[in-house]
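Student: Quick one, final.cif (mmCIF, N, CA and C atoms):
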data_query
#
loop_
_atom_site.group_PDB
_atom_site.id
_atom_site.type_symbol
_atom_site.label_atom_id
_atom_site.label_comp_id
_atom_site.auth_asym_id
_atom_site.auth_seq_id
_atom_site.Cartn_x
_atom_site.Cartn_y
_atom_site.Cartn_z
ATOM 1 N N MET U 1 0.849 -1.165 0.000
ATOM 2 C CA MET U 1 0.000 0.000 0.000
ATOM 3 C C MET U 1 0.897 1.231 0.000
ATOM 4 N N ALA U 2 0.695 2.112 -0.957
ATOM 5 C CA ALA U 2 1.498 3.325 -1.078
ATOM 6 C C ALA U 2 1.116 4.329 -0.006
ATOM 7 N N SER U 3 2.086 5.126 0.400
ATOM 8 C CA SER U 3 1.860 6.163 1.401
ATOM 9 C C SER U 3 1.320 7.429 0.753
ATOM 10 N N TYR U 4 0.635 8.234 1.566
ATOM 11 C CA TYR U 4 0.213 9.556 1.106
ATOM 12 C C TYR U 4 1.451 10.433 1.006
ATOM 13 N N GLN U 5 1.563 11.162 -0.075
ATOM 14 C CA GLN U 5 2.730 11.994 -0.330
ATOM 15 C C GLN U 5 2.577 13.362 0.325
ATOM 16 N N THR U 6 3.607 13.774 1.064
ATOM 17 C CA THR U 6 3.555 15.068 1.739
ATOM 18 C C THR U 6 3.890 16.206 0.784
ATOM 19 N N ALA U 7 4.722 15.948 -0.206
ATOM 20 C CA ALA U 7 5.052 16.961 -1.212
ATOM 21 C C ALA U 7 4.171 16.699 -2.430
ATOM 22 N N HIS U 8 3.513 17.740 -2.887
ATOM 23 C CA HIS U 8 2.642 17.554 -4.040
ATOM 24 C C HIS U 8 2.617 18.814 -4.890
ATOM 25 N N ALA U 9 2.048 18.680 -6.059
ATOM 26 C CA ALA U 9 2.031 19.751 -7.047
ATOM 27 C C ALA U 9 1.110 20.894 -6.624
ATOM 28 N N GLU U 10 1.322 22.020 -7.225
ATOM 29 C CA GLU U 10 0.439 23.172 -7.047
ATOM 30 C C GLU U 10 -0.877 22.896 -7.763
ATOM 31 N N ARG U 11 -1.919 23.609 -7.383
ATOM 32 C CA ARG U 11 -3.243 23.429 -7.992
ATOM 33 C C ARG U 11 -3.183 23.635 -9.502
ATOM 34 N N SER U 12 -2.421 24.610 -9.977
ATOM 35 C CA SER U 12 -2.350 24.868 -11.418
ATOM 36 C C SER U 12 -1.784 23.663 -12.171
ATOM 37 N N ALA U 13 -0.835 22.961 -11.568
ATOM 38 C CA ALA U 13 -0.272 21.763 -12.207
ATOM 39 C C ALA U 13 -1.296 20.627 -12.206
ATOM 40 N N ILE U 14 -2.068 20.502 -11.138
ATOM 41 C CA ILE U 14 -3.122 19.479 -11.074
ATOM 42 C C ILE U 14 -4.186 19.762 -12.136
ATOM 43 N N ASP U 15 -4.578 21.024 -12.261
ATOM 44 C CA ASP U 15 -5.591 21.409 -13.248
ATOM 45 C C ASP U 15 -5.134 21.149 -14.682
ATOM 46 N N ALA U 16 -3.825 21.071 -14.903
ATOM 47 C CA ALA U 16 -3.287 20.849 -16.242
ATOM 48 C C ALA U 16 -3.070 19.375 -16.574
ATOM 49 N N LEU U 17 -3.360 18.474 -15.634
ATOM 50 C CA LEU U 17 -3.147 17.043 -15.884
ATOM 51 C C LEU U 17 -4.087 16.536 -16.982
ATOM 52 N N PRO U 18 -3.545 15.809 -17.950
ATOM 53 C CA PRO U 18 -4.393 15.262 -19.014
ATOM 54 C C PRO U 18 -5.023 13.927 -18.605
ATOM 55 N N GLY U 19 -6.152 13.624 -19.218
ATOM 56 C CA GLY U 19 -6.792 12.321 -19.011
ATOM 57 C C GLY U 19 -7.488 12.208 -17.674
ATOM 58 N N LEU U 20 -7.734 10.949 -17.301
ATOM 59 C CA LEU U 20 -8.452 10.640 -16.063
ATOM 60 C C LEU U 20 -7.440 10.434 -14.931
ATOM 61 N N VAL U 21 -7.612 11.207 -13.850
ATOM 62 C CA VAL U 21 -6.700 11.163 -12.708
ATOM 63 C C VAL U 21 -7.528 11.124 -11.431
ATOM 64 N N VAL U 22 -7.112 10.287 -10.488
ATOM 65 C CA VAL U 22 -7.771 10.200 -9.194
ATOM 66 C C VAL U 22 -6.858 10.817 -8.145
ATOM 67 N N LEU U 23 -7.371 11.845 -7.471
ATOM 68 C CA LEU U 23 -6.672 12.440 -6.338
ATOM 69 C C LEU U 23 -7.245 11.789 -5.086
ATOM 70 N N ASP U 24 -6.395 11.209 -4.285
ATOM 71 C CA ASP U 24 -6.797 10.467 -3.092
ATOM 72 C C ASP U 24 -6.273 11.243 -1.881
ATOM 73 N N PHE U 25 -7.146 12.007 -1.228
ATOM 74 C CA PHE U 25 -6.754 12.833 -0.089
ATOM 75 C C PHE U 25 -6.954 12.076 1.209
ATOM 76 N N GLY U 26 -5.947 12.092 2.075
ATOM 77 C CA GLY U 26 -6.032 11.444 3.375
ATOM 78 C C GLY U 26 -4.705 11.553 4.097
ATOM 79 N N THR U 27 -4.505 10.702 5.087
ATOM 80 C CA THR U 27 -3.227 10.631 5.805
ATOM 81 C C THR U 27 -2.922 9.173 6.139
ATOM 82 N N ASP U 28 -1.648 8.890 6.341
ATOM 83 C CA ASP U 28 -1.243 7.527 6.684
ATOM 84 C C ASP U 28 -1.707 7.119 8.077
ATOM 85 N N TRP U 29 -1.878 8.079 8.984
ATOM 86 C CA TRP U 29 -2.272 7.742 10.356
ATOM 87 C C TRP U 29 -3.786 7.625 10.550
ATOM 88 N N CYS U 30 -4.561 7.975 9.534
ATOM 89 C CA CYS U 30 -6.022 7.942 9.628
ATOM 90 C C CYS U 30 -6.521 6.491 9.523
ATOM 91 N N SER U 31 -7.210 6.020 10.561
ATOM 92 C CA SER U 31 -7.684 4.633 10.557
ATOM 93 C C SER U 31 -8.735 4.392 9.463
ATOM 94 N N ILE U 32 -9.545 5.383 9.159
ATOM 95 C CA ILE U 32 -10.547 5.217 8.104
ATOM 96 C C ILE U 32 -9.851 5.135 6.747
ATOM 97 N N CYS U 33 -8.820 5.956 6.552
ATOM 98 C CA CYS U 33 -8.044 5.892 5.302
ATOM 99 C C CYS U 33 -7.425 4.508 5.124
ATOM 100 N N ARG U 34 -6.861 3.983 6.201
ATOM 101 C CA ARG U 34 -6.237 2.648 6.133
ATOM 102 C C ARG U 34 -7.270 1.569 5.859
ATOM 103 N N SER U 35 -8.474 1.690 6.430
ATOM 104 C CA SER U 35 -9.485 0.654 6.202
ATOM 105 C C SER U 35 -10.089 0.743 4.798
ATOM 106 N N CYS U 36 -10.128 1.927 4.225
ATOM 107 C CA CYS U 36 -10.674 2.086 2.867
ATOM 108 C C CYS U 36 -9.649 1.777 1.772
ATOM 109 N N ALA U 37 -8.369 1.836 2.107
ATOM 110 C CA ALA U 37 -7.309 1.692 1.105
ATOM 111 C C ALA U 37 -7.418 0.413 0.261
ATOM 112 N N PRO U 38 -7.667 -0.767 0.832
ATOM 113 C CA PRO U 38 -7.740 -1.967 -0.012
ATOM 114 C C PRO U 38 -8.864 -1.886 -1.059
ATOM 115 N N GLN U 39 -10.006 -1.327 -0.688
ATOM 116 C CA GLN U 39 -11.117 -1.213 -1.634
ATOM 117 C C GLN U 39 -10.779 -0.207 -2.740
ATOM 118 N N ILE U 40 -10.164 0.899 -2.366
ATOM 119 C CA ILE U 40 -9.770 1.908 -3.348
ATOM 120 C C ILE U 40 -8.750 1.320 -4.313
ATOM 121 N N GLU U 41 -7.733 0.678 -3.758
ATOM 122 C CA GLU U 41 -6.677 0.117 -4.599
ATOM 123 C C GLU U 41 -7.198 -1.000 -5.493
ATOM 124 N N ALA U 42 -8.143 -1.804 -5.014
ATOM 125 C CA ALA U 42 -8.715 -2.873 -5.838
ATOM 126 C C ALA U 42 -9.446 -2.286 -7.042
ATOM 127 N N ALA U 43 -10.232 -1.245 -6.815
ATOM 128 C CA ALA U 43 -10.971 -0.627 -7.925
ATOM 129 C C ALA U 43 -10.026 0.037 -8.916
ATOM 130 N N LEU U 44 -9.009 0.718 -8.416
ATOM 131 C CA LEU U 44 -8.078 1.412 -9.312
ATOM 132 C C LEU U 44 -7.172 0.437 -10.062
ATOM 133 N N ALA U 45 -6.889 -0.711 -9.470
ATOM 134 C CA ALA U 45 -6.039 -1.703 -10.132
ATOM 135 C C ALA U 45 -6.687 -2.250 -11.396
ATOM 136 N N GLU U 46 -8.002 -2.179 -11.467
ATOM 137 C CA GLU U 46 -8.723 -2.654 -12.651
ATOM 138 C C GLU U 46 -8.559 -1.707 -13.840
ATOM 139 N N GLN U 47 -8.071 -0.509 -13.588
ATOM 140 C CA GLN U 47 -7.863 0.480 -14.647
ATOM 141 C C GLN U 47 -6.459 1.071 -14.511
ATOM 142 N N PRO U 48 -5.427 0.295 -14.870
ATOM 143 C CA PRO U 48 -4.048 0.737 -14.649
ATOM 144 C C PRO U 48 -3.661 1.993 -15.444
ATOM 145 N N GLU U 49 -4.461 2.365 -16.425
ATOM 146 C CA GLU U 49 -4.158 3.566 -17.201
ATOM 147 C C GLU U 49 -4.479 4.855 -16.439
ATOM 148 N N LEU U 50 -5.213 4.731 -15.339
ATOM 149 C CA LEU U 50 -5.571 5.898 -14.534
ATOM 150 C C LEU U 50 -4.366 6.435 -13.788
ATOM 151 N N GLY U 51 -4.305 7.744 -13.673
ATOM 152 C CA GLY U 51 -3.337 8.343 -12.772
ATOM 153 C C GLY U 51 -3.909 8.297 -11.371
ATOM 154 N N HIS U 52 -3.079 8.030 -10.373
ATOM 155 C CA HIS U 52 -3.546 7.965 -8.980
ATOM 156 C C HIS U 52 -2.527 8.695 -8.118
ATOM 157 N N LEU U 53 -2.949 9.815 -7.541
ATOM 158 C CA LEU U 53 -2.078 10.591 -6.676
ATOM 159 C C LEU U 53 -2.614 10.535 -5.252
ATOM 160 N N LYS U 54 -1.824 9.983 -4.348
ATOM 161 C CA LYS U 54 -2.198 9.948 -2.929
ATOM 162 C C LYS U 54 -1.586 11.189 -2.289
ATOM 163 N N ILE U 55 -2.439 12.067 -1.809
ATOM 164 C CA ILE U 55 -2.009 13.371 -1.326
ATOM 165 C C ILE U 55 -2.336 13.506 0.154
ATOM 166 N N GLU U 56 -1.301 13.741 0.972
ATOM 167 C CA GLU U 56 -1.534 13.946 2.393
ATOM 168 C C GLU U 56 -2.255 15.275 2.590
ATOM 169 N N ASP U 57 -3.306 15.233 3.386
ATOM 170 C CA ASP U 57 -4.103 16.427 3.649
ATOM 171 C C ASP U 57 -4.037 16.761 5.130
ATOM 172 N N GLY U 58 -4.454 17.954 5.463
ATOM 173 C CA GLY U 58 -4.491 18.381 6.853
ATOM 174 C C GLY U 58 -4.499 19.890 6.938
ATOM 175 N N PRO U 59 -4.496 20.415 8.153
ATOM 176 C CA PRO U 59 -4.495 21.868 8.329
ATOM 177 C C PRO U 59 -3.319 22.525 7.592
ATOM 178 N N GLY U 60 -3.605 23.598 6.924
ATOM 179 C CA GLY U 60 -2.568 24.329 6.213
ATOM 180 C C GLY U 60 -2.177 23.743 4.866
ATOM 181 N N ARG U 61 -2.846 22.695 4.450
ATOM 182 C CA ARG U 61 -2.540 22.082 3.155
ATOM 183 C C ARG U 61 -3.417 22.734 2.084
ATOM 184 N N ALA U 62 -2.820 23.587 1.292
ATOM 185 C CA ALA U 62 -3.566 24.405 0.327
ATOM 186 C C ALA U 62 -4.289 23.572 -0.729
ATOM 187 N N LEU U 63 -3.682 22.485 -1.195
ATOM 188 C CA LEU U 63 -4.312 21.703 -2.255
ATOM 189 C C LEU U 63 -5.631 21.094 -1.778
ATOM 190 N N GLY U 64 -5.628 20.519 -0.599
ATOM 191 C CA GLY U 64 -6.860 19.962 -0.044
ATOM 192 C C GLY U 64 -7.923 21.029 0.159
ATOM 193 N N ARG U 65 -7.514 22.202 0.619
ATOM 194 C CA ARG U 65 -8.478 23.292 0.818
ATOM 195 C C ARG U 65 -9.059 23.749 -0.516
ATOM 196 N N SER U 66 -8.233 23.747 -1.567
ATOM 197 C CA SER U 66 -8.725 24.203 -2.874
ATOM 198 C C SER U 66 -9.787 23.259 -3.440
ATOM 199 N N PHE U 67 -9.767 21.990 -2.995
ATOM 200 C CA PHE U 67 -10.784 21.022 -3.414
ATOM 201 C C PHE U 67 -11.886 20.858 -2.356
ATOM 202 N N ARG U 68 -11.869 21.691 -1.322
ATOM 203 C CA ARG U 68 -12.886 21.665 -0.266
ATOM 204 C C ARG U 68 -12.984 20.286 0.412
ATOM 205 N N ILE U 69 -11.840 19.698 0.720
ATOM 206 C CA ILE U 69 -11.805 18.396 1.377
ATOM 207 C C ILE U 69 -12.196 18.576 2.836
ATOM 208 N N LYS U 70 -13.169 17.788 3.286
ATOM 209 C CA LYS U 70 -13.654 17.864 4.666
ATOM 210 C C LYS U 70 -13.413 16.564 5.438
ATOM 211 N N LEU U 71 -13.553 15.419 4.761
ATOM 212 C CA LEU U 71 -13.391 14.116 5.403
ATOM 213 C C LEU U 71 -12.372 13.289 4.625
ATOM 214 N N TRP U 72 -11.726 12.369 5.327
ATOM 215 C CA TRP U 72 -10.756 11.479 4.691
ATOM 216 C C TRP U 72 -11.259 10.047 4.738
ATOM 217 N N PRO U 73 -10.915 9.248 3.783
ATOM 218 C CA PRO U 73 -10.353 9.661 2.511
ATOM 219 C C PRO U 73 -11.430 10.241 1.597
ATOM 220 N N THR U 74 -10.997 11.143 0.755
ATOM 221 C CA THR U 74 -11.853 11.678 -0.300
ATOM 222 C C THR U 74 -11.133 11.482 -1.612
ATOM 223 N N LEU U 75 -11.832 10.865 -2.572
ATOM 224 C CA LEU U 75 -11.304 10.706 -3.924
ATOM 225 C C LEU U 75 -11.947 11.761 -4.809
ATOM 226 N N VAL U 76 -11.114 12.543 -5.466
ATOM 227 C CA VAL U 76 -11.590 13.521 -6.438
ATOM 228 C C VAL U 76 -11.137 13.008 -7.795
ATOM 229 N N ILE U 77 -12.093 12.764 -8.678
ATOM 230 C CA ILE U 77 -11.784 12.218 -9.995
ATOM 231 C C ILE U 77 -11.819 13.358 -11.004
ATOM 232 N N LEU U 78 -10.694 13.527 -11.685
ATOM 233 C CA LEU U 78 -10.550 14.599 -12.660
ATOM 234 C C LEU U 78 -10.469 14.031 -14.065
ATOM 235 N N ARG U 79 -11.050 14.732 -14.998
ATOM 236 C CA ARG U 79 -10.846 14.443 -16.419
ATOM 237 C C ARG U 79 -10.302 15.721 -17.034
ATOM 238 N N ASP U 80 -9.070 15.636 -17.533
ATOM 239 C CA ASP U 80 -8.382 16.796 -18.121
ATOM 240 C C ASP U 80 -8.421 17.999 -17.173
ATOM 241 N N GLY U 81 -8.167 17.730 -15.879
ATOM 242 C CA GLY U 81 -8.042 18.788 -14.897
ATOM 243 C C GLY U 81 -9.340 19.302 -14.304
ATOM 244 N N ARG U 82 -10.475 18.770 -14.731
ATOM 245 C CA ARG U 82 -11.774 19.221 -14.207
ATOM 246 C C ARG U 82 -12.417 18.109 -13.397
ATOM 247 N N GLU U 83 -12.965 18.461 -12.241
ATOM 248 C CA GLU U 83 -13.603 17.462 -11.394
ATOM 249 C C GLU U 83 -14.865 16.930 -12.064
ATOM 250 N N VAL U 84 -14.942 15.593 -12.162
ATOM 251 C CA VAL U 84 -16.110 14.957 -12.770
ATOM 252 C C VAL U 84 -16.834 14.022 -11.803
ATOM 253 N N ALA U 85 -16.181 13.669 -10.698
ATOM 254 C CA ALA U 85 -16.817 12.811 -9.695
ATOM 255 C C ALA U 85 -16.031 12.932 -8.398
ATOM 256 N N ARG U 86 -16.708 12.542 -7.309
ATOM 257 C CA ARG U 86 -16.098 12.597 -5.978
ATOM 258 C C ARG U 86 -16.691 11.463 -5.148
ATOM 259 N N VAL U 87 -15.831 10.821 -4.366
ATOM 260 C CA VAL U 87 -16.263 9.765 -3.451
ATOM 261 C C VAL U 87 -15.648 10.070 -2.090
ATOM 262 N N VAL U 88 -16.493 10.125 -1.076
ATOM 263 C CA VAL U 88 -16.035 10.378 0.287
ATOM 264 C C VAL U 88 -16.215 9.096 1.101
ATOM 265 N N ARG U 89 -15.122 8.645 1.690
ATOM 266 C CA ARG U 89 -15.122 7.437 2.533
ATOM 267 C C ARG U 89 -15.832 6.257 1.876
ATOM 268 N N PRO U 90 -15.288 5.778 0.754
ATOM 269 C CA PRO U 90 -15.945 4.657 0.071
ATOM 270 C C PRO U 90 -16.000 3.413 0.944
ATOM 271 N N ALA U 91 -17.187 2.835 1.029
ATOM 272 C CA ALA U 91 -17.388 1.644 1.858
ATOM 273 C C ALA U 91 -16.915 0.372 1.161
ATOM 274 N N ASP U 92 -16.861 0.412 -0.177
ATOM 275 C CA ASP U 92 -16.461 -0.776 -0.922
ATOM 276 C C ASP U 92 -15.897 -0.363 -2.278
ATOM 277 N N ALA U 93 -15.281 -1.327 -2.952
ATOM 278 C CA ALA U 93 -14.679 -1.065 -4.258
ATOM 279 C C ALA U 93 -15.718 -0.682 -5.306
ATOM 280 N N GLN U 94 -16.925 -1.226 -5.183
ATOM 281 C CA GLN U 94 -17.967 -0.924 -6.169
ATOM 282 C C GLN U 94 -18.317 0.563 -6.171
ATOM 283 N N THR U 95 -18.294 1.201 -5.030
ATOM 284 C CA THR U 95 -18.576 2.634 -4.959
ATOM 285 C C THR U 95 -17.552 3.408 -5.791
ATOM 286 N N VAL U 96 -16.307 3.011 -5.708
ATOM 287 C CA VAL U 96 -15.245 3.659 -6.497
ATOM 288 C C VAL U 96 -15.438 3.344 -7.978
ATOM 289 N N ARG U 97 -15.728 2.090 -8.293
ATOM 290 C CA ARG U 97 -15.966 1.705 -9.688
ATOM 291 C C ARG U 97 -17.105 2.514 -10.308
ATOM 292 N N THR U 98 -18.194 2.692 -9.561
ATOM 293 C CA THR U 98 -19.330 3.444 -10.055
ATOM 294 C C THR U 98 -18.958 4.899 -10.345
ATOM 295 N N ALA U 99 -18.188 5.499 -9.452
ATOM 296 C CA ALA U 99 -17.744 6.878 -9.662
ATOM 297 C C ALA U 99 -16.855 6.970 -10.900
ATOM 298 N N LEU U 100 -15.969 6.013 -11.063
ATOM 299 C CA LEU U 100 -15.091 6.011 -12.242
ATOM 300 C C LEU U 100 -15.888 5.827 -13.533
ATOM 301 N N ALA U 101 -16.900 4.989 -13.479
ATOM 302 C CA ALA U 101 -17.733 4.758 -14.671
ATOM 303 C C ALA U 101 -18.494 6.007 -15.053
ATOM 304 N N SER U 102 -18.862 6.818 -14.066
ATOM 305 C CA SER U 102 -19.604 8.050 -14.362
ATOM 306 C C SER U 102 -18.704 9.153 -14.889
ATOM 307 N N ALA U 103 -17.404 8.968 -14.713
ATOM 308 C CA ALA U 103 -16.444 9.981 -15.165
ATOM 309 C C ALA U 103 -16.221 9.832 -16.635
#
Take the structure I supplied and represent it as structure tokens, if you would.

Tutor:
Amino acid sequence: MASYQTAHAERSAIDALPGLVVLDFGTDWCSICRSCAPQIEAALAEQPELGHLKIEDGPGRALGRSFRIKLWPTLVILRDGREVARVVRPADAQTVRTALASA
């Protein structure tokens, strides 16, 4: 299981990403993030062409604030830099799959 990255791109760089990208906001110490991780990773593994960025969030983290992140984990699904779907605390892999299908 990959760790949430503490260093991440500026919002302008995220907005410029091409294709379908999943931003996964959370923290390594969050028990809910750890319990949701296997379901998230299972759904994303079915589409290896997707970009997946695990971004550490918290107070003072500008990127998370720019996406109005309130709860962890939150998946923000972007297509060519624009938000097309969002999943907050997915209970199972199917919830993630459904969001990806709608994107």

Student: Do you know which residues are at most 10 Å from U:His52 counting only C-alpha atoms, after dropping those on the same chain fewer than 4 positions away, and could you put them as a PyMOL selection string?

Tutor: chain U and resi 20-24+41+44+48+75+77

Student: Choose the residue, out of U:Glu56, U:Glu46, U:Glu83, U:Asp92, that has the smallest atom-to-atom separation from U:His8; count only C-alpha atoms.

Tutor: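 Among U:Glu56, U:Glu46, U:Glu83, U:Asp92, it is U:Glu56 that comes nearest to U:His8.
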
Student: Pull out every residue that the PyMOL selection byres (((chain U and resi 40 and name CA) around 10) and name CA) matches in the shown coordinates and put them as a list of chain:residue names.

Tutor: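 What the PyMOL selection byres (((chain U and resi 40 and name CA) around 10) and name CA) grabs from the file is U:Asp24, U:Cys33, U:Ser35, U:Cys36, U:Ala37, U:Pro38, U:Gln39, U:Glu41, U:Ala42, U:Ala43, U:Leu44, U:Ala45, U:Pro73, U:Leu75, U:Arg89, U:Pro90, U:Ala91, U:Asp92, U:Ala93, U:Gln94, U:Thr95, U:Val96, U:Arg97.
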
Student: Which residue is closest to U:Thr98? Choose from U:Met1, U:Leu17, U:Ala7, U:Ala85 and count only C-alpha atoms.

Tutor: U:Ala85

Student: Using only C-alpha atoms, determine which residues lie at most 12 Å from U:Ser66, disregarding the query and same-chain residues fewer than 6 positions distant; provide the list as a list of chain:residue names.

Tutor: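 Result of the neighbour search: U:Glu10, U:Arg11, U:Ser12, U:Ile14, U:Asp15, U:Phe25, U:Asp57, U:Gly60, U:Val76, U:Glu83.
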
Student: Have a look at atom CA of U:Asp28 and atom CA of U:Ala62 and let me know their distance in Å, one decimal.

Tutor: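 For atom CA of U:Asp28 relative to atom CA of U:Ala62, the distance reads 18.2 Å.
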
Student: Separation of atom C of U:Tyr4 and atom CA of U:Ala103, in Å?

Tutor: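 Computing the Euclidean distance for atom C of U:Tyr4 and atom CA of U:Ala103 yields 24.1 Å.
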
Student: How big is the axis-aligned box around all listed atoms of stretch 10-15 of chain U once 5 Å goes on each side, and where's its centre, in Å to one decimal, as AutoDock Vina command-line options?

Tutor:
--center_x -2.1 --center_y 22.2 --center_z -10.9 --size_x 16.9 --size_y 15.4 --size_z 17.6

Student: Please return, as a list in words, all residues of stretch 28-103 of chain U that DSSP assigns to strand (DSSP E or B) on the basis of the backbone.

Tutor: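 Listing strand (DSSP E or B) positions across stretch 28-103 of chain U yields Gly51, His52, Leu53, Lys54, Ile55, Glu56, Thr74, Leu75, Val76, Ile77, Leu78, Arg79, Arg82, Glu83, Val84, Ala85, Arg86, Val87 and Val88 of chain U.
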